[in-house]
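Containing PDB, C-alpha atoms: model03.pdb.
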```
ATOM      1  CA  MET A  64     -20.681  -4.224   6.576  1.00  0.00           C
ATOM      2  CA  TYR A  65     -23.445  -6.706   5.826  1.00  0.00           C
ATOM      3  CA  SER A  66     -21.722  -9.737   7.329  1.00  0.00           C
ATOM      4  CA  GLY A  67     -21.810  -8.319  10.860  1.00  0.00           C
ATOM      5  CA  ILE A  68     -18.080  -8.364  11.572  1.00  0.00           C
ATOM      6  CA  ASN A  69     -17.383  -5.685  14.160  1.00  0.00           C
ATOM      7  CA  ASN A  70     -13.640  -5.830  14.892  1.00  0.00           C
ATOM      8  CA  MET A  71     -11.149  -5.970  12.038  1.00  0.00           C
ATOM      9  CA  HIS A  72      -7.382  -5.851  11.678  1.00  0.00           C
ATOM     10  CA  LEU A  73      -6.058  -3.693   8.800  1.00  0.00           C
ATOM     11  CA  TYR A  74      -2.754  -4.791   7.221  1.00  0.00           C
ATOM     12  CA  VAL A  75      -0.942  -2.228   5.035  1.00  0.00           C
ATOM     13  CA  ASN A  76       2.032  -3.531   3.007  1.00  0.00           C
ATOM     14  CA  ASN A  77       3.593  -0.201   2.038  1.00  0.00           C
ATOM     15  CA  THR A  78       2.661   3.349   2.868  1.00  0.00           C
ATOM     16  CA  PRO A  79       0.036   4.214   0.215  1.00  0.00           C
ATOM     17  CA  LEU A  80       0.138   7.552  -1.538  1.00  0.00           C
ATOM     18  CA  TYR A  81      -3.380   8.626  -0.495  1.00  0.00           C
ATOM     19  CA  PHE A  82      -3.768   6.629   2.724  1.00  0.00           C
ATOM     20  CA  GLN A  83      -5.722   9.316   4.597  1.00  0.00           C
ATOM     21  CA  GLU A  84      -8.185   9.770   1.706  1.00  0.00           C
ATOM     22  CA  ILE A  85      -8.727   6.006   1.451  1.00  0.00           C
ATOM     23  CA  LEU A  86      -9.560   5.774   5.148  1.00  0.00           C
ATOM     24  CA  ASN A  87     -11.883   8.771   4.895  1.00  0.00           C
ATOM     25  CA  SER A  88     -13.781   7.210   1.987  1.00  0.00           C
ATOM     26  CA  ILE A  89     -14.192   3.957   3.947  1.00  0.00           C
ATOM     27  CA  HIS A  90     -15.613   5.757   6.980  1.00  0.00           C
ATOM     28  CA  LEU A  91     -17.950   8.161   5.141  1.00  0.00           C
ATOM     29  CA  PRO A  92     -21.403   7.135   3.866  1.00  0.00           C
ATOM     30  CA  THR A  93     -21.994   6.977   0.119  1.00  0.00           C
ATOM     31  CA  LYS A  94     -24.140   9.605  -1.538  1.00  0.00           C
ATOM     32  CA  SER A  95     -25.865   7.239  -3.946  1.00  0.00           C
ATOM     33  CA  ILE A  96     -28.602   4.702  -3.308  1.00  0.00           C
ATOM     34  CA  TYR A  97     -27.724   1.108  -4.206  1.00  0.00           C
ATOM     35  CA  SER A  98     -29.328  -2.324  -3.953  1.00  0.00           C
ATOM     36  CA  HIS A  99     -28.629  -4.546  -0.966  1.00  0.00           C
ATOM     37  CA  PRO A 100     -26.221  -7.387  -1.904  1.00  0.00           C
ATOM     38  CA  PHE A 101     -28.086 -10.101   0.055  1.00  0.00           C
ATOM     39  CA  LEU A 102     -31.725  -8.963  -0.012  1.00  0.00           C
ATOM     40  CA  SER A 103     -33.461  -8.651  -3.353  1.00  0.00           C
ATOM     41  CA  ASN A 104     -35.648  -5.595  -4.057  1.00  0.00           C
ATOM     42  CA  HIS A 105     -34.163  -3.711  -1.088  1.00  0.00           C
ATOM     43  CA  LEU A 106     -32.441  -0.339  -1.601  1.00  0.00           C
ATOM     44  CA  VAL A 107     -29.828   1.006   0.803  1.00  0.00           C
ATOM     45  CA  ASP A 108     -29.561   4.717   1.581  1.00  0.00           C
ATOM     46  CA  GLU A 109     -26.448   5.420   3.671  1.00  0.00           C
ATOM     47  CA  SER A 110     -27.205   9.108   4.069  1.00  0.00           C
ATOM     48  CA  ALA A 111     -29.756   8.184   6.744  1.00  0.00           C
ATOM     49  CA  GLU A 112     -28.710   8.111  10.383  1.00  0.00           C
ATOM     50  CA  ASN A 113     -28.463   4.312  10.508  1.00  0.00           C
ATOM     51  CA  PHE A 114     -25.110   4.261   8.676  1.00  0.00           C
ATOM     52  CA  LYS A 115     -22.697   1.634  10.016  1.00  0.00           C
ATOM     53  CA  SER A 116     -18.959   2.175   9.464  1.00  0.00           C
ATOM     54  CA  PHE A 117     -15.985  -0.143   9.816  1.00  0.00           C
ATOM     55  CA  ASP A 118     -14.125  -0.289  13.108  1.00  0.00           C
ATOM     56  CA  PHE A 119     -10.434  -1.113  12.772  1.00  0.00           C
ATOM     57  CA  LYS A 120      -9.080  -2.147  16.163  1.00  0.00           C
ATOM     58  CA  TYR A 121      -5.526  -2.622  14.893  1.00  0.00           C
ATOM     59  CA  VAL A 122      -3.613  -1.152  11.950  1.00  0.00           C
ATOM     60  CA  SER A 123      -0.325  -2.870  11.030  1.00  0.00           C
ATOM     61  CA  PHE A 124       2.282  -1.563   8.592  1.00  0.00           C
ATOM     62  CA  THR A 125       4.478  -4.389   7.300  1.00  0.00           C
ATOM     63  CA  ARG A 126       6.997  -2.195   5.432  1.00  0.00           C
ATOM     64  CA  PRO A 127       6.679   1.347   6.779  1.00  0.00           C
ATOM     65  CA  LYS A 128       8.512   4.377   5.443  1.00  0.00           C
ATOM     66  CA  VAL A 129      12.089   4.723   6.677  1.00  0.00           C
ATOM     67  CA  TYR A 130      12.912   8.038   8.366  1.00  0.00           C
ATOM     68  CA  GLY A 131      16.549   7.304   9.186  1.00  0.00           C
ATOM     69  CA  TYR A 132      19.693   7.319   7.063  1.00  0.00           C
ATOM     70  CA  ILE A 133      19.362   5.519   3.720  1.00  0.00           C
ATOM     71  CA  LYS A 134      22.483   4.326   1.932  1.00  0.00           C
ATOM     72  CA  TRP A 135      22.049   5.021  -1.794  1.00  0.00           C
ATOM     73  CA  LYS A 136      23.505   2.776  -4.464  1.00  0.00           C
ATOM     74  CA  LYS A 137      26.525   4.347  -6.167  1.00  0.00           C
ATOM     75  CA  LYS A 138      26.615   4.999  -9.903  1.00  0.00           C
ATOM     76  CA  GLY A 139      29.199   3.406 -12.133  1.00  0.00           C
ATOM     77  CA  ARG A 140      31.901   5.251 -14.081  1.00  0.00           C
ATOM     78  CA  LEU A 141      29.951   5.187 -17.356  1.00  0.00           C
ATOM     79  CA  LYS A 142      26.787   6.641 -15.817  1.00  0.00           C
ATOM     80  CA  ARG A 143      28.815   9.392 -14.122  1.00  0.00           C
ATOM     81  CA  LYS A 144      30.466  10.220 -17.462  1.00  0.00           C
ATOM     82  CA  ILE A 145      27.107  10.398 -19.296  1.00  0.00           C
ATOM     83  CA  ALA A 146      25.534  12.491 -16.527  1.00  0.00           C
ATOM     84  CA  LYS A 147      28.495  14.917 -16.618  1.00  0.00           C
ATOM     85  CA  ARG A 148      28.110  15.350 -20.391  1.00  0.00           C
ATOM     86  CA  ILE A 149      24.321  15.928 -20.104  1.00  0.00           C
ATOM     87  CA  TYR A 150      24.849  18.546 -17.388  1.00  0.00           C
ATOM     88  CA  SER A 151      27.461  20.363 -19.474  1.00  0.00           C
ATOM     89  CA  VAL A 152      25.260  20.374 -22.614  1.00  0.00           C
ATOM     90  CA  ASN A 153      22.192  21.617 -20.736  1.00  0.00           C
ATOM     91  CA  ARG A 154      24.057  24.431 -18.980  1.00  0.00           C
ATOM     92  CA  VAL A 155      22.524  27.488 -20.637  1.00  0.00           C
ATOM     93  CA  LEU A 156      23.058  31.101 -19.563  1.00  0.00           C
ATOM     94  CA  ASP A 157      19.979  33.324 -19.502  1.00  0.00           C
TER      95      ASP A 157
END
```

Show this structure as structure tokens.
Amino acid sequence: MYSGINNMHLYVNNTPLYFQEILNSIHLPTKSIYSHPFLSNHLVDESAENFKSFDFKYVSFTRPKVYGYIKWKKKGRLKRKIAKRIYSVNRVLD
């Protein structure tokens, strides 16, 4: 914000869990007053009308979420045997 860069490109490796909330927190002004990082003895109040937000011209997802068919890895014979025993032990009638 203080360097004067206007156009930025946002790269997202995976789909984050709270992506919408992260973007909202970037674009909203802070409620607290803090000191300016480059000017000494200067306080910044973003609640005023002169708030400057980031402007992302491009957003790129490098590994987006897959919505198609996903082939799951099969379990081995031992894991199937253990899972069968756990299911039979935990089968309780109410």

Exercise for review: For the structure provided, state which residues fall under the PyMOL selection byres ((chain A and resi 123) around 8), and present them as a ChimeraX atom specification.
Suggested key: /A:72-75,121-122,124-125

Point to revise | From A:His90, A:Ile149, A:Asn77, A:Lys142, residue lying nearest Phe119 of chain A [all atoms listed in the file] | key: A:His90

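Closest approach to Pro92 of chain A from the set A:Asn76, A:Ser151, A:Ser110, A:Asn69 is made by A:Ser110, with distances taken over all atoms listed in the file.
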
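Atom CA of Arg126 of chain A is positioned 27.0 Å from atom CA of Leu91 of chain A.
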
Revision key, fill the gap. If you count only C-alpha atoms, the residue of A:Ile133, A:Ser116, A:Arg154, A:Gly139 closest to Asn70 of chain A turns out to be A:Ser116

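Among A:Lys128, A:Ile145, A:Asp118, A:Val107, the residue with the shortest atom-to-atom distance to Leu80 of chain A, counting only C-alpha atoms, is A:Lys128.
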
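If you look at atom CA of Asn87 of chain A and atom CA of Glu109 of chain A, they are 15.0 Å away from each other.
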
Review point. Suppose you want the space between atom CA of Lys134 of chain A and atom CA of Lys147 of chain A; what is it in Å?
Key: 22.2 Å
